[in-house]
Protein chains: 2
Amino acid sequence: MIKKIVEVCLTPAIFKHFENKDAIVVIIDVLRASSAICTAFSNGAVSIIPVAEIQEAKEYKSRGYLVAAERDGYVLDFADFGNSPFNFTRDKVEGKTIVYSTTNGTRIIDLASSSHISVIGTFNNLSAITDWLIRQDRDVILFCAGWKDKISLEDTICAGAIAEKLIESDLFSTICDSVHASVDLWSIARDNPVNYIEKAAQRSRLRDKGLDDCIEYCMTLDINQSIPMIIDGILKDIAG
Amino acid sequence: MIKKIVEVCLTPAIFKHFENKDAIVVIIDVLRASSAICTAFSNGAVSIIPVAEIQEAKEYKSRGYLVAAERDGYVLDFADFGNSPFNFTRDKVEGKTIVYSTTNGTRIIDLASSSHISVIGTFNNLSAITDWLIRQDRDVILFCAGWKDKISLEDTICAGAIAEKLIESDLFSTICDSVHASVDLWSIARDNPVNYIEKAAQRSRLRDKGLDDCIEYCMTLDINQSIPMIIDGILKDIAG
């Protein structure tokens with residue numbers, strides 16, 4: 001049996017070098033976009049429209065949409081809320097379409113979904129997304145969002161956790177050094193992921209801004225069953 | 001005391017984001033450029049002229065220079081030899097200036113040295129380069145060459161080995177996630193680096209081409225005291 005291939009892309013700066021257009025791309029932005037998106041769907045959001053420009057988000061707001069928008073962690077003044085998964089509560093999002101604009105996440109979503117079938121993965125939906133990937137007849141690229149083109153520990157270990165499960169299924173193999181690096185780092189982090197990312201730069205950035213209340217939640221495995229997929233530029237949960 | 005800063009750049013694709021122009025850049029291309037360069041100097045080479053274009057290397061050859069040139073591991077037909085450190089023997093290189101052109105290495109040398117004080121580091125000269133860095137009053141960027149913009153395990157763990165020594169000196173600190181990742185991977189690899197990189201893509205590429213006889217040598221720590229620095233575009237050993 002020919003195995004499927006799993007690769008890891010550790011920074012958006014090199015995504016163009018991952019040339020397998022038939023692969024499914026899993027976008028991993030643990031702190032906090034991927035976690036917020038999964039939470040919104042599990043609390044009943046109907047769809048999420050990612051928009052890159054602040055002006056575009058503002059126009060949606062004036063047309064009555066619920067808008068989540070932040071830049072560098074700070075909520076934009078016209079928005080309903082920012083990027084913390086704790087904002088996406090059932091009373092706010094159930095039955096709604098949410099317009100969503102973040103510093104980093106929206107760009108990555110555009111980059112991936114313009115060329116590939118793209119879904120959102122994080123610790124929260126780890127088993128759900130992995131089990132779904134195992135059932136598809138396609139290779140996989142685990143695409144770490146990182147931070148402004150630099151590499152993030154939290155996204156890297158999450159990629160390692162997913163890659164490890166794929167390889168353990170015996171349906172995937174790899175010759176990608178970033179897969180080995182991610183899996184090995186996950187082997188160090190797995191006993192206590194929250195403790196492991198104490199040294200991560202994004203951990204410090206969120207602490208400095210008082211936005212770190214959601215870290216433990218974002219690093220928790222398997223509390224969410226959603227499989228957010230980008231379809232014609234809009235996120236929908238295909239799990240349900 | 002304000003500590004010096006160490007950062008790791010895991011791929012040339014993001015080197016432009018490392019904005020500290022006062023930092024010393026250590027170029028790490030373990031398999032095989034960094035190892036070959038250090039070997040040449042320890043065997044008495046006077047200087048090494050890195051050239052990017054094949055045509056330029058050919059012109060140097062016609063003017064009587066010793067030329068080392070390869071593309072994707074294969075020696076170019078007009079060249080005296082390729083990129084294996086075993087080529088740079090004392091009888092061939094002592095007292096000579098060598099013109100040097102490789103697939104990956106030359107581009108990285110240009111990229112780094114156009115903006116930064118740049119030296120060559122690898123396992124072979126690990127303690128020599130680290131001790132020298134500790135004595136300089138500058139921050140450090142460990143620049144992994146990788147492979148065609150992708151990340152290489154062997155360069156990553158070498159960066160981790162250097163970063164660990166710098167941090168242990170208590171003169172350096174970091175907030176760079178790639179430093180933590182590299183140091184943690186080195187902690188897994190250190191007991192048997194040769195065995196660790198059995199899974200590396202470059203290990204397979206060299207094996208497929210029958211060029212893997214030098215792997216064990218390239219992964220050996222502290223057999224070389226040279227500190228190759230790029231001065232006005234030319235490599236010189238500043239250790240001696």
# chains A, B, ... in the order shown; residues from 1 in each chain; ligands from 1
call {"tool": "residues_around", "arguments": {"residues": "His17 in chain A", "least_positions_apart": "5", "cutoff": "10 Å", "atoms": "only C-alpha atoms", "output": "JSON, numbers by chain"}}
result
{"A": [9, 12], "B": [148, 149, 150]}
call {"tool": "interface_residues", "arguments": {"of": "chain B", "to": "chain A", "cutoff": "9 Å", "atoms": "only C-alpha atoms", "output": "CSV table (one decimal) with C-alpha atoms, in the first residue's frame"}}
result
chain,number,residue,atom,x,y,z
B,9,CYS,CA,16.8,31.7,11.9
B,10,LEU,CA,15.7,28.3,10.7
B,11,THR,CA,15.3,29.2,7.0
B,13,ALA,CA,13.2,32.7,3.6
B,14,ILE,CA,12.8,34.6,6.9
B,17,HIS,CA,12.9,39.5,9.5
B,148,LYS,CA,15.9,25.3,-0.7
B,149,ASP,CA,14.2,27.4,1.9
B,150,LYS,CA,13.0,24.3,3.9
B,151,ILE,CA,14.2,23.5,7.3
B,152,SER,CA,17.0,20.9,7.9
B,153,LEU,CA,17.3,18.8,11.1
B,156,THR,CA,18.7,23.0,13.5
B,175,ILE,CA,12.9,35.3,23.6
B,176,CYS,CA,13.1,33.5,20.3
B,177,ASP,CA,10.9,30.4,19.9
B,178,SER,CA,13.3,28.9,17.4
B,180,HIS,CA,13.9,27.0,22.4
B,181,ALA,CA,12.9,24.5,19.6
B,182,SER,CA,16.6,24.0,18.5
B,184,ASP,CA,15.2,21.1,22.8
B,185,LEU,CA,15.8,19.1,19.7
B,188,ILE,CA,17.2,14.7,22.1
B,199,LYS,CA,15.7,10.5,9.4
B,200,ALA,CA,16.8,13.8,7.9
B,201,ALA,CA,16.0,14.5,4.2
B,202,GLN,CA,19.6,15.6,3.5
B,204,SER,CA,18.7,10.5,2.4
call {"tool": "select_by_dssp", "arguments": {"residues": "range 173-230 of chain B", "states": "alpha helix (DSSP H)", "output": "PDB file with C-alpha atoms, in the first residue's frame"}}
result
ATOM      1  CA  ASP B 177      10.912  30.361  19.892  1.00  0.00           C
ATOM      2  CA  SER B 178      13.332  28.891  17.353  1.00  0.00           C
ATOM      3  CA  VAL B 179      16.110  28.964  19.957  1.00  0.00           C
ATOM      4  CA  HIS B 180      13.944  26.961  22.357  1.00  0.00           C
ATOM      5  CA  ALA B 181      12.948  24.528  19.604  1.00  0.00           C
ATOM      6  CA  SER B 182      16.586  24.042  18.511  1.00  0.00           C
ATOM      7  CA  VAL B 183      17.914  23.577  22.032  1.00  0.00           C
ATOM      8  CA  ASP B 184      15.157  21.071  22.847  1.00  0.00           C
ATOM      9  CA  LEU B 185      15.845  19.096  19.660  1.00  0.00           C
ATOM     10  CA  TRP B 186      19.556  19.098  20.491  1.00  0.00           C
ATOM     11  CA  SER B 187      18.707  17.684  23.936  1.00  0.00           C
ATOM     12  CA  ILE B 188      17.173  14.684  22.132  1.00  0.00           C
ATOM     13  CA  ALA B 189      19.952  14.389  19.528  1.00  0.00           C
ATOM     14  CA  PRO B 193      23.778  13.043  16.594  1.00  0.00           C
ATOM     15  CA  VAL B 194      24.653  10.713  13.698  1.00  0.00           C
ATOM     16  CA  ASN B 195      21.862   8.355  14.658  1.00  0.00           C
ATOM     17  CA  TYR B 196      19.441  11.249  15.194  1.00  0.00           C
ATOM     18  CA  ALA B 201      16.036  14.467   4.244  1.00  0.00           C
ATOM     19  CA  GLN B 202      19.602  15.593   3.481  1.00  0.00           C
ATOM     20  CA  ARG B 203      20.858  12.285   4.944  1.00  0.00           C
ATOM     21  CA  SER B 204      18.723  10.457   2.351  1.00  0.00           C
ATOM     22  CA  ARG B 205      19.742  12.762  -0.496  1.00  0.00           C
ATOM     23  CA  LEU B 206      23.443  12.186   0.200  1.00  0.00           C
ATOM     24  CA  ARG B 207      22.920   8.427   0.556  1.00  0.00           C
ATOM     25  CA  ASP B 208      21.036   8.260  -2.749  1.00  0.00           C
ATOM     26  CA  ILE B 215      28.267  12.250   7.470  1.00  0.00           C
ATOM     27  CA  GLU B 216      29.940  10.931  10.600  1.00  0.00           C
ATOM     28  CA  TYR B 217      32.846  13.350  10.120  1.00  0.00           C
ATOM     29  CA  CYS B 218      30.524  16.334   9.603  1.00  0.00           C
TER      30      CYS B 218
END
call {"tool": "atom_distance", "arguments": {"atom1": "CA of Gly44 in chain B", "atom2": "CA of Glu70 in chain B"}}
result
21.7 Å
call {"tool": "atom_distance", "arguments": {"atom1": "CA of Ile134 in chain B", "atom2": "CA of Phe88 in chain B"}}
result
28.8 Å
call {"tool": "select_by_dssp", "arguments": {"residues": "chain B", "states": "strand (DSSP E or B)", "output": "ChimeraX atom specification"}}
result
/B:4-9,24-28,47-50,66-71,74-75,81,97-101,117-121,140-144,147,150,172-173,228-231,234-237
call {"tool": "residues_around", "arguments": {"residues": "Ala52 in chain B", "least_positions_apart": "5", "cutoff": "9 Å", "atoms": "only C-alpha atoms", "output": "PyMOL selection string"}}
result
chain B and resi 57+100-103+105-107+110
call {"tool": "atom_distance", "arguments": {"atom1": "CA of Ala112 in chain A", "atom2": "CA of Ile234 in chain A"}}
result
12.8 Å
call {"tool": "closest_residue", "arguments": {"among": "B:Asp137, B:Asn43, B:Asp29, B:Asp131", "to": "Glu168 in chain B", "atoms": "only C-alpha atoms"}}
result
B:Asp131
call {"tool": "residues_around", "arguments": {"residues": "Ala23 in chain A", "least_positions_apart": "4", "cutoff": "10 Å", "atoms": "only C-alpha atoms", "output": "VMD selection string"}}
result
chain A and resid 4 to 7 18 to 19 115 to 118 137 to 142
call {"tool": "residues_around", "arguments": {"residues": "Ser113 in chain A", "least_positions_apart": "5", "cutoff": "9 Å", "atoms": "only C-alpha atoms", "output": "list of chain:residue names"}}
result
A:Val25, A:Ile108, A:Ser118, A:Val119, A:Ile230, A:Ile231, A:Asp232, A:Gly233
call {"tool": "closest_residue", "arguments": {"among": "B:Asp191, B:Glu53, B:Asp77, B:Glu94", "to": "Phe41 in chain B", "atoms": "only C-alpha atoms"}}
result
B:Glu94
call {"tool": "decode", "arguments": {"residues": "range 102-131 of chain A", "atoms": "N, CA and C atoms", "output": "CSV table (one decimal), in the first residue's frame"}}
result
chain,number,residue,atom,x,y,z
A,102,THR,N,-8.1,39.2,11.9
A,102,THR,CA,-7.0,39.2,12.8
A,102,THR,C,-5.7,39.5,12.2
A,103,THR,N,-4.7,39.8,13.0
A,103,THR,CA,-3.4,40.3,12.5
A,103,THR,C,-2.8,39.3,11.6
A,104,ASN,N,-2.9,38.0,11.9
A,104,ASN,CA,-2.1,37.0,11.3
A,104,ASN,C,-3.0,36.0,10.6
A,105,GLY,N,-4.1,35.6,11.3
A,105,GLY,CA,-4.9,34.4,10.8
A,105,GLY,C,-5.5,34.6,9.5
A,106,THR,N,-6.1,35.8,9.2
A,106,THR,CA,-6.8,36.0,7.9
A,106,THR,C,-5.9,35.8,6.7
A,107,ARG,N,-4.7,36.4,6.9
A,107,ARG,CA,-3.7,36.2,5.8
A,107,ARG,C,-3.4,34.8,5.5
A,108,ILE,N,-3.2,34.0,6.5
A,108,ILE,CA,-2.9,32.6,6.4
A,108,ILE,C,-4.0,31.8,5.7
A,109,ILE,N,-5.3,32.2,6.1
A,109,ILE,CA,-6.4,31.5,5.6
A,109,ILE,C,-6.5,31.8,4.1
A,110,ASP,N,-6.3,33.1,3.7
A,110,ASP,CA,-6.3,33.4,2.2
A,110,ASP,C,-5.2,32.6,1.5
A,111,LEU,N,-4.0,32.6,2.1
A,111,LEU,CA,-2.8,32.0,1.4
A,111,LEU,C,-3.1,30.5,1.2
A,112,ALA,N,-3.6,29.8,2.2
A,112,ALA,CA,-3.8,28.4,2.1
A,112,ALA,C,-5.0,28.1,1.2
A,113,SER,N,-6.1,28.8,1.4
A,113,SER,CA,-7.4,28.4,0.7
A,113,SER,C,-7.4,28.8,-0.8
A,114,SER,N,-6.5,29.7,-1.2
A,114,SER,CA,-6.5,30.1,-2.6
A,114,SER,C,-5.9,28.9,-3.5
A,115,SER,N,-5.2,28.0,-2.9
A,115,SER,CA,-4.6,26.9,-3.7
A,115,SER,C,-5.0,25.5,-3.2
A,116,HIS,N,-5.5,25.4,-2.0
A,116,HIS,CA,-5.7,24.0,-1.4
A,116,HIS,C,-7.1,23.9,-0.6
A,117,ILE,N,-7.6,22.7,-0.6
A,117,ILE,CA,-8.6,22.4,0.4
A,117,ILE,C,-8.1,22.7,1.8
A,118,SER,N,-8.7,23.6,2.6
A,118,SER,CA,-8.1,24.0,3.8
A,118,SER,C,-9.1,23.9,5.0
A,119,VAL,N,-8.6,23.4,6.1
A,119,VAL,CA,-9.4,23.2,7.3
A,119,VAL,C,-8.6,23.8,8.5
A,120,ILE,N,-9.3,24.0,9.6
A,120,ILE,CA,-8.6,24.6,10.8
A,120,ILE,C,-8.4,23.5,11.8
A,121,GLY,N,-7.1,23.4,12.3
A,121,GLY,CA,-6.8,22.5,13.4
A,121,GLY,C,-6.2,23.1,14.5
A,122,THR,N,-6.4,22.6,15.7
A,122,THR,CA,-5.8,23.1,16.9
A,122,THR,C,-5.8,22.0,18.0
A,123,PHE,N,-5.3,22.2,19.2
A,123,PHE,CA,-5.4,21.2,20.2
A,123,PHE,C,-6.9,20.9,20.6
A,124,ASN,N,-7.7,21.9,20.6
A,124,ASN,CA,-9.1,21.7,21.0
A,124,ASN,C,-9.8,20.6,20.1
A,125,ASN,N,-9.6,20.6,18.8
A,125,ASN,CA,-10.2,19.6,17.9
A,125,ASN,C,-9.3,18.6,17.4
A,126,LEU,N,-8.2,18.3,18.2
A,126,LEU,CA,-7.1,17.4,17.7
A,126,LEU,C,-7.6,16.1,17.2
A,127,SER,N,-8.3,15.4,18.0
A,127,SER,CA,-8.8,14.0,17.5
A,127,SER,C,-9.8,14.1,16.4
A,128,ALA,N,-10.7,15.1,16.5
A,128,ALA,CA,-11.7,15.2,15.4
A,128,ALA,C,-11.1,15.5,14.1
A,129,ILE,N,-10.1,16.4,14.1
A,129,ILE,CA,-9.5,16.7,12.8
A,129,ILE,C,-8.6,15.6,12.3
A,130,THR,N,-7.9,14.9,13.2
A,130,THR,CA,-7.0,13.9,12.8
A,130,THR,C,-7.8,12.7,12.3
A,131,ASP,N,-8.9,12.3,13.0
A,131,ASP,CA,-9.7,11.2,12.5
A,131,ASP,C,-10.3,11.5,11.1
